[in-house]
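Structure file work-v8.csv (CSV, C-alpha atoms) is printed below.
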```csv
chain,number,residue,atom,x,y,z
A,153,MET,CA,7.2,45.9,-44.5
A,154,SER,CA,6.7,43.6,-47.5
A,155,LEU,CA,6.8,39.9,-47.2
A,156,ARG,CA,10.0,38.3,-48.6
A,157,ALA,CA,10.1,35.0,-50.5
A,158,ALA,CA,12.3,33.3,-53.0
A,159,PHE,CA,11.1,32.2,-56.5
A,160,ILE,CA,13.0,29.1,-57.5
A,161,ILE,CA,13.2,28.8,-61.3
A,162,PRO,CA,15.2,26.2,-63.3
A,163,GLY,CA,17.2,27.0,-66.4
A,164,ASP,CA,17.0,30.1,-68.5
A,165,LEU,CA,14.3,32.6,-67.4
A,166,GLY,CA,14.6,34.4,-70.7
A,167,LEU,CA,13.3,31.5,-72.8
A,168,PRO,CA,10.2,32.4,-74.9
A,169,THR,CA,7.7,29.9,-73.4
A,170,GLY,CA,4.4,30.5,-71.7
A,171,GLY,CA,5.7,29.1,-68.4
A,172,TYR,CA,8.8,31.3,-68.3
A,173,GLY,CA,6.7,34.3,-69.5
A,174,TYR,CA,4.4,33.8,-66.5
A,175,ASP,CA,7.3,33.6,-64.1
A,176,ARG,CA,8.9,36.8,-65.6
A,177,GLN,CA,5.6,38.7,-65.1
A,178,VAL,CA,5.2,37.5,-61.5
A,179,LEU,CA,8.7,38.7,-60.7
A,180,LYS,CA,8.0,42.0,-62.4
A,181,HIS,CA,4.8,42.7,-60.5
A,182,ALA,CA,5.5,41.1,-57.1
A,183,ALA,CA,6.6,44.4,-55.5
A,184,ALA,CA,3.4,46.1,-56.3
A,185,ALA,CA,1.6,43.3,-54.6
A,186,GLY,CA,3.6,43.8,-51.4
A,187,LEU,CA,5.9,40.8,-52.0
A,188,GLU,CA,9.7,41.0,-52.2
A,189,LEU,CA,10.3,38.1,-54.5
A,190,ILE,CA,14.0,37.0,-54.8
A,191,HIS,CA,14.7,35.3,-58.1
A,192,CYS,CA,16.8,32.2,-57.2
A,193,PRO,CA,18.0,30.5,-60.4
A,194,ILE,CA,18.8,26.8,-60.3
A,195,PRO,CA,20.4,24.5,-62.9
A,196,GLY,CA,18.4,23.4,-66.0
A,197,GLY,CA,17.8,19.8,-66.9
A,198,TYR,CA,14.5,19.6,-65.2
A,199,PRO,CA,12.2,17.6,-65.2
A,200,CYS,CA,15.0,15.0,-65.6
A,201,PRO,CA,17.8,16.5,-63.5
A,202,ASP,CA,21.2,14.8,-63.2
A,203,PRO,CA,23.0,14.6,-59.8
A,204,ALA,CA,24.9,17.8,-60.6
A,205,ALA,CA,21.7,19.7,-61.2
A,206,LEU,CA,20.2,18.4,-57.9
A,207,ALA,CA,23.4,19.3,-56.0
A,208,GLY,CA,23.3,22.8,-57.5
A,209,THR,CA,19.7,23.2,-56.6
A,210,ALA,CA,20.3,22.3,-53.0
A,211,GLN,CA,23.3,24.6,-52.8
A,212,ALA,CA,21.3,27.6,-54.2
A,213,ILE,CA,18.4,27.1,-51.8
A,214,ALA,CA,20.7,26.6,-48.8
A,215,ALA,CA,22.3,30.0,-49.6
A,216,LEU,CA,18.9,31.8,-49.2
A,217,PRO,CA,18.0,33.7,-46.0
A,218,ALA,CA,17.0,31.4,-43.2
A,219,GLY,CA,13.3,30.7,-43.1
A,220,CYS,CA,12.6,32.4,-46.4
A,221,PRO,CA,9.5,30.8,-47.9
A,222,LEU,CA,10.0,29.2,-51.3
A,223,LEU,CA,7.8,29.5,-54.4
A,224,ILE,CA,9.1,26.8,-56.7
A,225,ASP,CA,8.3,26.4,-60.4
A,226,GLY,CA,6.6,23.0,-60.9
A,227,LEU,CA,9.0,22.2,-63.8
A,228,ALA,CA,11.6,21.6,-61.1
A,229,TYR,CA,9.5,21.0,-58.0
A,230,GLY,CA,7.6,18.0,-59.4
A,231,ALA,CA,10.9,16.2,-60.1
A,232,MET,CA,12.7,17.0,-56.8
A,233,PRO,CA,13.3,14.0,-54.5
A,234,ALA,CA,11.3,14.0,-51.3
A,235,ALA,CA,14.4,13.9,-49.2
A,236,MET,CA,15.6,17.1,-50.8
A,237,ILE,CA,12.3,18.9,-50.2
A,238,ARG,CA,12.2,17.9,-46.6
A,239,ALA,CA,15.8,19.2,-46.2
A,240,PHE,CA,14.7,22.7,-47.3
A,241,ASP,CA,13.1,23.0,-43.8
A,242,ARG,CA,11.0,26.0,-44.8
A,243,PRO,CA,7.5,26.7,-46.2
A,244,VAL,CA,7.2,25.6,-49.8
A,245,VAL,CA,4.6,26.6,-52.4
A,246,GLU,CA,4.5,24.9,-55.8
A,247,LEU,CA,3.6,26.9,-58.9
A,248,CYS,CA,2.2,24.3,-61.2
A,249,HIS,CA,1.7,25.4,-64.8
A,250,HIS,CA,0.6,21.9,-65.6
A,251,PRO,CA,1.6,18.5,-64.1
A,252,LEU,CA,4.7,17.2,-65.6
A,253,ALA,CA,3.3,13.8,-66.4
A,254,VAL,CA,0.6,15.1,-68.8
A,255,GLU,CA,3.2,16.5,-71.3
A,256,PRO,CA,2.4,14.6,-74.6
A,257,GLY,CA,5.0,12.4,-76.1
A,258,LEU,CA,6.4,11.0,-72.8
A,259,GLU,CA,7.1,7.3,-72.6
A,260,ALA,CA,4.7,5.5,-70.3
A,261,ALA,CA,7.5,4.7,-67.7
A,262,THR,CA,8.7,8.3,-67.7
A,263,ALA,CA,5.1,9.7,-67.2
A,264,ALA,CA,4.5,7.2,-64.4
A,265,ARG,CA,7.7,8.2,-62.7
A,266,LEU,CA,7.0,11.9,-63.0
A,267,HIS,CA,3.4,11.4,-61.7
A,268,ALA,CA,4.6,9.6,-58.6
A,269,SER,CA,7.3,12.2,-58.0
A,270,GLU,CA,5.0,15.2,-58.3
A,271,ARG,CA,2.3,13.6,-56.2
A,272,THR,CA,4.8,13.1,-53.4
A,273,ALA,CA,6.2,16.6,-53.9
A,274,MET,CA,2.7,18.2,-53.8
A,275,ALA,CA,2.0,16.4,-50.5
A,276,LEU,CA,5.0,18.1,-49.0
A,277,ALA,CA,4.0,21.6,-50.2
A,278,ARG,CA,2.0,23.8,-47.9
A,279,ALA,CA,0.1,25.1,-51.0
A,280,VAL,CA,-0.2,24.5,-54.7
A,281,ILE,CA,-0.8,27.4,-57.1
A,282,VAL,CA,-2.1,26.4,-60.5
A,283,THR,CA,-2.7,28.6,-63.5
A,284,GLY,CA,-6.1,27.4,-64.6
A,285,GLN,CA,-9.3,25.8,-63.3
A,286,ASP,CA,-8.7,22.6,-65.3
A,287,THR,CA,-5.3,22.1,-63.7
A,288,ALA,CA,-6.9,22.7,-60.3
A,289,ARG,CA,-9.4,19.9,-61.0
A,290,MET,CA,-6.6,17.6,-62.2
A,291,VAL,CA,-4.4,18.3,-59.2
A,292,ALA,CA,-7.2,17.5,-56.8
A,293,ARG,CA,-8.4,14.4,-58.7
A,294,ASP,CA,-5.2,12.8,-59.8
A,295,PHE,CA,-2.6,14.0,-57.2
A,296,ALA,CA,-4.8,13.8,-54.1
A,297,VAL,CA,-4.3,17.5,-53.2
A,298,ALA,CA,-6.9,18.9,-50.8
A,299,ALA,CA,-9.0,21.6,-52.3
A,300,ASP,CA,-8.1,24.1,-49.5
A,301,LYS,CA,-4.4,23.7,-50.6
A,302,ILE,CA,-5.1,24.7,-54.2
A,303,THR,CA,-5.3,28.3,-55.5
A,304,VAL,CA,-5.9,29.3,-59.1
A,305,ALA,CA,-3.8,32.3,-60.2
A,306,LEU,CA,-4.8,32.9,-63.7
A,307,PRO,CA,-2.2,34.4,-66.0
A,308,GLY,CA,-2.5,38.1,-66.5
A,309,THR,CA,-3.0,39.7,-69.9
A,310,GLU,CA,-1.5,43.0,-71.0
A,311,ARG,CA,-4.0,45.4,-72.4
A,312,ALA,CA,-3.4,45.8,-76.2
A,313,ARG,CA,-4.6,47.7,-79.2
A,314,ARG,CA,-7.3,46.0,-81.2
A,315,ALA,CA,-5.9,44.2,-84.2
A,316,ARG,CA,-6.4,45.9,-87.5
A,317,GLY,CA,-6.0,42.8,-89.6
A,318,SER,CA,-4.2,42.5,-92.9
A,319,ASP,CA,-6.7,44.3,-95.2
A,320,SER,CA,-5.8,41.7,-97.8
A,321,ALA,CA,-7.7,39.4,-100.0
A,322,THR,CA,-5.5,36.6,-98.6
A,323,PRO,CA,-6.3,36.2,-94.9
A,324,ARG,CA,-3.4,36.0,-92.6
A,325,ILE,CA,-3.6,33.2,-89.9
A,326,ILE,CA,-1.2,33.0,-87.0
A,327,ALA,CA,-0.5,30.4,-84.4
A,328,VAL,CA,1.7,31.2,-81.4
A,329,GLY,CA,3.6,28.8,-79.2
A,330,SER,CA,6.8,26.8,-79.0
A,331,VAL,CA,7.1,24.0,-81.7
A,332,ILE,CA,6.8,21.1,-79.3
A,333,PRO,CA,4.7,17.9,-79.5
A,334,ARG,CA,2.0,19.3,-77.1
A,335,LYS,CA,1.2,22.1,-79.6
A,336,ALA,CA,0.2,19.6,-82.3
A,337,TYR,CA,1.3,21.7,-85.2
A,338,ASP,CA,1.4,18.5,-87.3
A,339,VAL,CA,-2.4,18.3,-86.8
A,340,LEU,CA,-2.7,22.0,-87.9
A,341,VAL,CA,-0.6,21.5,-91.0
A,342,LYS,CA,-2.7,18.5,-92.0
A,343,ALA,CA,-5.8,20.6,-91.5
A,344,MET,CA,-4.5,23.4,-93.6
A,345,ALA,CA,-3.6,20.9,-96.4
A,346,SER,CA,-7.4,20.3,-97.0
A,347,LEU,CA,-8.0,24.1,-97.4
A,348,THR,CA,-5.8,24.8,-100.4
A,349,ASP,CA,-8.8,25.7,-102.5
A,350,LEU,CA,-8.9,28.9,-100.4
A,351,ASP,CA,-6.6,31.8,-100.1
A,352,TRP,CA,-4.6,32.1,-96.8
A,353,THR,CA,-1.2,32.2,-95.3
A,354,LEU,CA,-0.2,30.8,-91.9
A,355,ARG,CA,2.7,31.8,-89.6
A,356,ILE,CA,3.6,29.6,-86.7
A,357,ILE,CA,5.4,31.8,-84.3
A,358,GLY,CA,7.4,30.2,-81.4
A,359,ALA,CA,10.6,28.8,-80.2
A,360,THR,CA,12.1,26.1,-82.2
A,361,ALA,CA,15.0,25.1,-79.9
A,362,HIS,CA,13.1,22.9,-77.4
A,363,ALA,CA,12.2,19.9,-79.6
A,364,PRO,CA,14.4,19.8,-82.7
A,365,ASP,CA,12.9,16.5,-83.8
A,366,THR,CA,9.4,17.9,-83.7
A,367,VAL,CA,10.5,21.0,-85.7
A,368,ALA,CA,12.1,18.7,-88.3
A,369,GLU,CA,8.9,16.6,-88.5
A,370,VAL,CA,6.7,19.7,-89.0
A,371,GLU,CA,9.0,21.1,-91.6
A,372,THR,CA,9.1,17.8,-93.5
A,373,LEU,CA,5.3,17.6,-93.4
A,374,ILE,CA,5.0,21.1,-94.8
A,375,GLN,CA,7.3,20.2,-97.6
A,376,ALA,CA,5.6,16.8,-98.3
A,377,LEU,CA,2.2,18.6,-98.5
A,378,GLN,CA,3.7,21.3,-100.7
A,379,LEU,CA,2.6,24.1,-98.4
A,380,GLN,CA,6.0,25.7,-98.1
A,381,ASN,CA,4.8,28.9,-99.8
A,382,ARG,CA,1.8,29.2,-97.4
A,383,ILE,CA,3.0,28.0,-94.0
A,384,HIS,CA,6.1,29.5,-92.4
A,385,LEU,CA,7.8,28.6,-89.1
A,386,THR,CA,9.1,32.0,-88.0
A,387,GLY,CA,10.9,31.0,-84.8
A,388,PRO,CA,10.5,33.2,-81.7
A,389,MET,CA,9.8,37.0,-82.0
A,390,THR,CA,10.5,40.0,-79.9
A,391,ALA,CA,7.6,41.6,-78.1
A,392,ALA,CA,7.4,44.3,-80.7
A,393,GLN,CA,7.5,41.8,-83.6
A,394,LEU,CA,4.8,39.6,-82.0
A,395,ASP,CA,2.6,42.6,-81.3
A,396,ALA,CA,2.9,43.5,-85.0
A,397,ALA,CA,2.0,39.9,-86.0
A,398,TYR,CA,-1.1,40.0,-83.9
A,399,ASP,CA,-2.0,43.4,-85.3
A,400,GLY,CA,-1.8,42.2,-88.9
A,401,ALA,CA,-3.6,38.9,-88.4
A,402,ASP,CA,-7.1,38.0,-89.5
A,403,LEU,CA,-7.5,34.8,-87.6
A,404,PHE,CA,-5.8,33.1,-84.6
A,405,VAL,CA,-5.6,29.3,-84.4
A,406,MET,CA,-4.4,27.1,-81.5
A,407,SER,CA,-4.1,23.3,-82.1
A,408,SER,CA,-2.7,22.3,-78.7
A,409,LEU,CA,-3.4,18.8,-77.3
A,410,TYR,CA,-3.3,20.3,-73.8
A,411,GLU,CA,-3.0,23.7,-72.1
A,412,GLY,CA,-2.8,24.6,-68.4
A,413,TYR,CA,-4.5,27.9,-69.3
A,414,GLY,CA,-3.9,29.0,-72.9
A,415,MET,CA,-2.1,32.4,-72.5
A,416,VAL,CA,-2.0,32.9,-76.2
A,417,ILE,CA,-5.7,32.6,-76.4
A,418,ALA,CA,-6.0,35.4,-73.9
A,419,GLU,CA,-3.5,37.5,-75.9
A,420,ALA,CA,-5.6,37.0,-79.0
A,421,MET,CA,-8.8,37.9,-77.2
A,422,ALA,CA,-7.1,41.0,-75.8
A,423,ARG,CA,-6.6,42.1,-79.4
A,424,GLY,CA,-10.0,41.2,-80.6
A,425,LEU,CA,-9.0,38.4,-83.0
A,426,PRO,CA,-11.5,35.7,-84.1
A,427,ILE,CA,-10.2,32.4,-82.7
A,428,VAL,CA,-10.3,28.7,-83.6
A,429,ALA,CA,-8.9,26.6,-80.7
A,430,THR,CA,-9.0,23.1,-79.4
A,431,THR,CA,-10.5,22.2,-76.0
A,432,GLY,CA,-7.4,20.5,-74.7
A,433,GLY,CA,-7.1,21.1,-70.9
A,434,ALA,CA,-8.0,24.6,-69.7
A,435,ALA,CA,-8.2,26.0,-73.2
A,436,ALA,CA,-11.9,25.0,-73.1
A,437,ASP,CA,-12.4,27.3,-70.1
A,438,THR,CA,-10.2,30.2,-71.4
A,439,LEU,CA,-12.0,30.7,-74.6
A,440,PRO,CA,-15.7,31.8,-74.1
A,441,PRO,CA,-18.1,30.2,-76.5
A,442,GLN,CA,-19.0,33.6,-78.1
A,443,ALA,CA,-15.3,34.5,-78.8
A,444,GLY,CA,-14.4,31.7,-81.2
A,445,LEU,CA,-14.9,28.2,-82.5
A,446,LYS,CA,-13.9,25.2,-80.4
A,447,VAL,CA,-12.8,21.8,-81.7
A,448,PRO,CA,-11.6,18.6,-80.1
A,449,PRO,CA,-7.8,18.3,-79.8
A,450,GLY,CA,-5.8,15.9,-82.0
A,451,GLU,CA,-8.3,15.8,-84.9
A,452,ASN,CA,-7.4,17.6,-88.1
A,453,GLN,CA,-10.8,17.3,-89.8
A,454,PRO,CA,-12.9,19.3,-87.2
A,455,LEU,CA,-10.1,21.8,-87.0
A,456,ALA,CA,-10.1,22.2,-90.8
A,457,LYS,CA,-13.9,22.7,-90.9
A,458,ALA,CA,-13.8,25.4,-88.2
A,459,ILE,CA,-11.0,27.2,-90.1
A,460,ARG,CA,-12.9,26.9,-93.3
A,461,ASP,CA,-16.0,28.4,-91.7
A,462,MET,CA,-14.0,31.3,-90.5
A,463,LEU,CA,-12.1,31.9,-93.8
A,464,THR,CA,-15.3,31.7,-96.0
A,465,SER,CA,-17.4,34.0,-93.8
A,466,PRO,CA,-16.1,37.6,-93.1
A,467,SER,CA,-19.3,38.2,-91.1
A,468,LEU,CA,-18.6,35.2,-88.9
A,469,ARG,CA,-15.0,36.5,-88.3
A,470,SER,CA,-16.4,40.0,-87.5
A,471,PHE,CA,-18.9,38.6,-85.0
A,472,PHE,CA,-16.2,36.6,-83.1
A,473,SER,CA,-13.8,39.5,-83.3
A,474,ASP,CA,-16.3,41.8,-81.5
A,475,GLU,CA,-17.0,39.2,-78.9
A,476,ALA,CA,-13.3,38.3,-78.4
A,477,TRP,CA,-12.5,42.0,-77.9
A,478,ARG,CA,-15.3,42.3,-75.4
A,479,ALA,CA,-14.2,39.2,-73.4
A,480,GLY,CA,-10.5,40.3,-73.6
A,481,GLN,CA,-11.2,43.5,-71.8
A,482,ALA,CA,-12.4,41.6,-68.7
A,483,LEU,CA,-9.3,39.4,-68.4
A,484,PRO,CA,-7.2,39.7,-65.2
A,485,SER,CA,-4.1,41.8,-65.2
A,486,TRP,CA,-0.6,40.6,-64.1
A,487,GLU,CA,-1.1,42.7,-61.0
A,488,ASP,CA,-4.1,40.6,-60.1
A,489,THR,CA,-2.0,37.4,-60.6
A,490,ALA,CA,0.8,38.7,-58.4
A,491,ARG,CA,-1.6,39.7,-55.6
A,492,THR,CA,-3.1,36.2,-55.6
A,493,ILE,CA,0.3,34.6,-55.3
A,494,ALA,CA,1.3,37.0,-52.6
A,495,ARG,CA,-1.7,36.1,-50.5
A,496,VAL,CA,-0.9,32.4,-50.8
A,497,ILE,CA,2.7,32.9,-49.7
A,498,GLU,CA,1.6,35.2,-46.8
A,499,ARG,CA,-0.9,32.6,-45.6
A,500,THR,CA,1.6,29.7,-45.8
A,501,ALA,CA,4.4,31.7,-44.1
A,502,ARG,CA,2.4,32.4,-40.9
```
Full structure transcribed into structure tokens:
Amino acid sequence: MSLRAAFIIPGDLGLPTGGYGYDRQVLKHAAAAGLELIHCPIPGGYPCPDPAALAGTAQAIAALPAGCPLLIDGLAYGAMPAAMIRAFDRPVVELCHHPLAVEPGLEAATAARLHASERTAMALARAVIVTGQDTARMVARDFAVAADKITVALPGTERARRARGSDSATPRIIAVGSVIPRKAYDVLVKAMASLTDLDWTLRIIGATAHAPDTVAEVETLIQALQLQNRIHLTGPMTAAQLDAAYDGADLFVMSSLYEGYGMVIAEAMARGLPIVATTGGAAADTLPPQAGLKVPPGENQPLAKAIRDMLTSPSLRSFFSDEAWRAGQALPSWEDTARTIARVIERTAR
């Protein structure tokens, strides 16, 4: 008989973000890992829920089978009041993609409130699952979680065909991820503005609905720097469209200030794309040194230099492409991820 647990996820599970993508894959592969995982949707609005969202959350969890262990997405769990968590009266495991307080752009008071809330919530959880080694270190160091309560469940990576590239004299660059402050696309646009002596195009592929002000700022910057014929915000893509975009790309770039893992880096490696990425958070661990060039986050000049080096040297791109492909074949699968999570839930449910 498989173990049964409920996966508590706030808002729209279908949203095209890395966190929701991780959750979807865990739900999809749980059964093969011997885990009957019930999707329990709760209201959106997290990490700043209003009273109605909190009431809806309590009602949804109260309706679950008695004693059913809870796996709660950190987007919600870190913002839940301690009294609510205690009232669940059942084993709780947090799935922390990255701590809420580290999201760039938060006001200091909001970040402090979220840090205190998530620290208390983590203390009430029987286990904390994180998606990368950097997050594990942060949770232990900054949230006082004992090492034996923390488990790393790296995101899985689907096996993919090796990218064929554009076969064009104008290299095609892609960046993948929602247009939000943490992705630092303004830094990327400024970096590209210093490379107009070279031929290239850049597509930024990702959701544009989460942070409209950021989208407007990036679009305004593109116009101000007269890059509208070179840089395009495509919005989200279907899986087939995204696969085609990877297949036709010559270079992958990630400019994030922070990543809990860097799922898009893994996707690019799985396709053998040469990569330029920042070292924000776990991204430094996700990208092996032989698979791409690494630069500090938030600085457009080092980013521009690394991209220039790639664009002006086909042999360099070829080297990193071969090494990224090799590293990509050793990445964990989603079945591996689900098995890791199942083991944690089984252990905490005893």
Next on the checklist: Quick check, in Å to one decimal: how far apart do atom CA of A:Ala234 and atom CA of A:Phe295 lie?
Outcome noted: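 Those two atoms sit 15.1 Å apart.
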Checklist entry - Restricting the calculation to only C-alpha atoms, which member of A:Ser485, A:Thr360, A:Ser346, A:Gln378 is positioned closest to A:Arg460? => result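 Comparing A:Ser485, A:Thr360, A:Ser346, A:Gln378 against A:Arg460, the winner is A:Ser346.
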Checklist entry - In Å, with one decimal, what is the gap from atom CA of A:Gly444 to atom CA of A:Pro251? => result 26.9 Å
Checklist entry - Quick one, how far is atom CA of A:Phe240 from atom CA of A:Pro199? => result 18.8 Å
Checklist entry - Of the candidates A:Leu252, A:Leu377, A:Ile161, A:Leu354, which shows the shortest atom-to-atom distance to A:Thr209, using only C-alpha atoms? => result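 Closest to A:Thr209 of all the choices is A:Ile161.
Excluding A:Glu411 itself and same-chain residues fewer than 6 positions from it, the residues having an atom within 7 Å of it are A:Gly432, A:Gly433, A:Ala434, A:Ala435, counting only C-alpha atoms.
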Next on the checklist: Neighbouring residues of A:Pro449 were defined as those with any atom within 7 Å, considering only C-alpha atoms; residues of the same chain fewer than 6 positions away were excluded. Please report them as a PyMOL selection string.
Outcome noted: chain A and resi 407-409+430-432
Checklist entry - What lies within 9 Å of A:Leu189 using only C-alpha atoms, ignoring chain neighbours under 3 positions off, as a list in words? => result Leu155, Arg156, Ala157, Ala158, Phe159, Val178, Leu179, Ala182, Ala183 and Leu223 of chain A
Next on the checklist: as a count of residues only, please: the residues near A:Met236 (cut-off 9 Å, all atoms listed in the file, same-chain neighbours under 3 positions excluded).
Outcome noted: 6
Per-residue nearest contacts stretch 158-193 of chain A to stretch 305-310 of chain A, cut-off 12 Å, using only C-alpha atoms, as a Markdown table:
```
| residue | atom | partner | partner_atom | distance |
| --- | --- | --- | --- | --- |
| A:Gly170 | CA | A:Pro307 | CA | 9.6 |
| A:Gly171 | CA | A:Pro307 | CA | 9.8 |
| A:Tyr172 | CA | A:Pro307 | CA | 11.7 |
| A:Gly173 | CA | A:Pro307 | CA | 9.6 |
| A:Tyr174 | CA | A:Pro307 | CA | 6.6 |
| A:Asp175 | CA | A:Pro307 | CA | 9.7 |
| A:Arg176 | CA | A:Pro307 | CA | 11.4 |
| A:Gln177 | CA | A:Gly308 | CA | 8.2 |
| A:Val178 | CA | A:Pro307 | CA | 9.2 |
| A:Lys180 | CA | A:Gly308 | CA | 11.9 |
| A:His181 | CA | A:Gly308 | CA | 10.5 |
```
Can you tell me, as a PDB file with C-alpha atoms, keeping the file's coordinate frame, what residues are no more than 10 Å from A:Glu246 when counting only C-alpha atoms, ignoring any on the same chain fewer than 4 positions away?
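Listed below is the output, around.pdb:
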```pdb
ATOM      1  CA  PHE A 159      11.100  32.200 -56.500  1.00  0.00           C
ATOM      2  CA  ILE A 160      13.000  29.100 -57.500  1.00  0.00           C
ATOM      3  CA  LEU A 222      10.000  29.200 -51.300  1.00  0.00           C
ATOM      4  CA  LEU A 223       7.800  29.500 -54.400  1.00  0.00           C
ATOM      5  CA  ILE A 224       9.100  26.800 -56.700  1.00  0.00           C
ATOM      6  CA  ASP A 225       8.300  26.400 -60.400  1.00  0.00           C
ATOM      7  CA  GLY A 226       6.600  23.000 -60.900  1.00  0.00           C
ATOM      8  CA  LEU A 227       9.000  22.200 -63.800  1.00  0.00           C
ATOM      9  CA  ALA A 228      11.600  21.600 -61.100  1.00  0.00           C
ATOM     10  CA  TYR A 229       9.500  21.000 -58.000  1.00  0.00           C
ATOM     11  CA  GLY A 230       7.600  18.000 -59.400  1.00  0.00           C
ATOM     12  CA  ALA A 273       6.200  16.600 -53.900  1.00  0.00           C
ATOM     13  CA  MET A 274       2.700  18.200 -53.800  1.00  0.00           C
ATOM     14  CA  LEU A 276       5.000  18.100 -49.000  1.00  0.00           C
ATOM     15  CA  ALA A 277       4.000  21.600 -50.200  1.00  0.00           C
ATOM     16  CA  ARG A 278       2.000  23.800 -47.900  1.00  0.00           C
ATOM     17  CA  ALA A 279       0.100  25.100 -51.000  1.00  0.00           C
ATOM     18  CA  VAL A 280      -0.200  24.500 -54.700  1.00  0.00           C
ATOM     19  CA  ILE A 281      -0.800  27.400 -57.100  1.00  0.00           C
ATOM     20  CA  VAL A 282      -2.100  26.400 -60.500  1.00  0.00           C
ATOM     21  CA  ILE A 302      -5.100  24.700 -54.200  1.00  0.00           C
TER      22      ILE A 302
END
```
Next on the checklist: Using only C-alpha atoms, can you tell me which of A:Leu167, A:Ala456, A:Ala275, A:Ala482 comes closest to A:Val339?
Outcome noted: A:Ala456
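The smallest atom-to-atom distance between A:Lys335 and any of A:Gly400, A:Pro466, A:Gly414, A:Pro388, using all atoms listed in the file, is found for A:Gly414.
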Next on the checklist: If we draw a sphere of 10 Å around (-2.5, 35.5, -77.5), which residues have at least one atom in it when counting all atoms listed in the file? Please report them as a list of chain:residue names.
Outcome noted: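 Taken together, the residues in range are A:Thr309, A:Glu310, A:Ile326, A:Ala327, A:Val328, A:Gly329, A:Leu394, A:Asp395, A:Tyr398, A:Phe404, A:Val405, A:Met406, A:Gly414, A:Met415, A:Val416, A:Ile417, A:Ala418, A:Glu419, A:Ala420, A:Met421, A:Ala422, A:Arg423, A:Gly424, A:Leu425, A:Ile427.
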Could stretch 301-305 of chain A be written out with all heavy atoms, as a CSV table (one decimal), in the first residue's frame, please?
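Saved to result-v2.csv:
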```
chain,number,residue,atom,x,y,z
A,301,LYS,N,17.0,17.9,9.9
A,301,LYS,CA,15.6,18.2,9.4
A,301,LYS,C,15.5,18.6,8.0
A,301,LYS,O,14.5,18.7,7.4
A,301,LYS,CB,14.9,19.2,10.3
A,301,LYS,CG,14.4,18.8,11.6
A,301,LYS,CD,13.8,20.0,12.4
A,301,LYS,CE,12.6,20.6,11.7
A,301,LYS,NZ,11.9,21.6,12.5
A,302,ILE,N,16.7,18.8,7.3
A,302,ILE,CA,16.7,19.4,6.0
A,302,ILE,C,17.1,18.3,5.0
A,302,ILE,O,18.0,17.5,5.2
A,302,ILE,CB,17.8,20.5,5.9
A,302,ILE,CG1,17.5,21.6,6.9
A,302,ILE,CG2,17.8,21.1,4.5
A,302,ILE,CD1,18.6,22.6,7.1
A,303,THR,N,16.4,18.2,3.9
A,303,THR,CA,16.6,17.3,2.8
A,303,THR,C,16.6,18.1,1.5
A,303,THR,O,15.7,18.9,1.2
A,303,THR,CB,15.6,16.2,2.7
A,303,THR,OG1,15.6,15.4,3.9
A,303,THR,CG2,15.9,15.3,1.5
A,304,VAL,N,17.6,17.9,0.7
A,304,VAL,CA,17.7,18.5,-0.6
A,304,VAL,C,17.1,17.5,-1.7
A,304,VAL,O,17.5,16.4,-1.8
A,304,VAL,CB,19.2,18.8,-1.1
A,304,VAL,CG1,19.2,19.3,-2.5
A,304,VAL,CG2,19.8,19.7,-0.1
A,305,ALA,N,16.1,18.0,-2.3
A,305,ALA,CA,15.4,17.3,-3.4
A,305,ALA,C,15.6,18.1,-4.7
A,305,ALA,O,14.8,19.0,-5.0
A,305,ALA,CB,13.9,17.0,-3.2
```
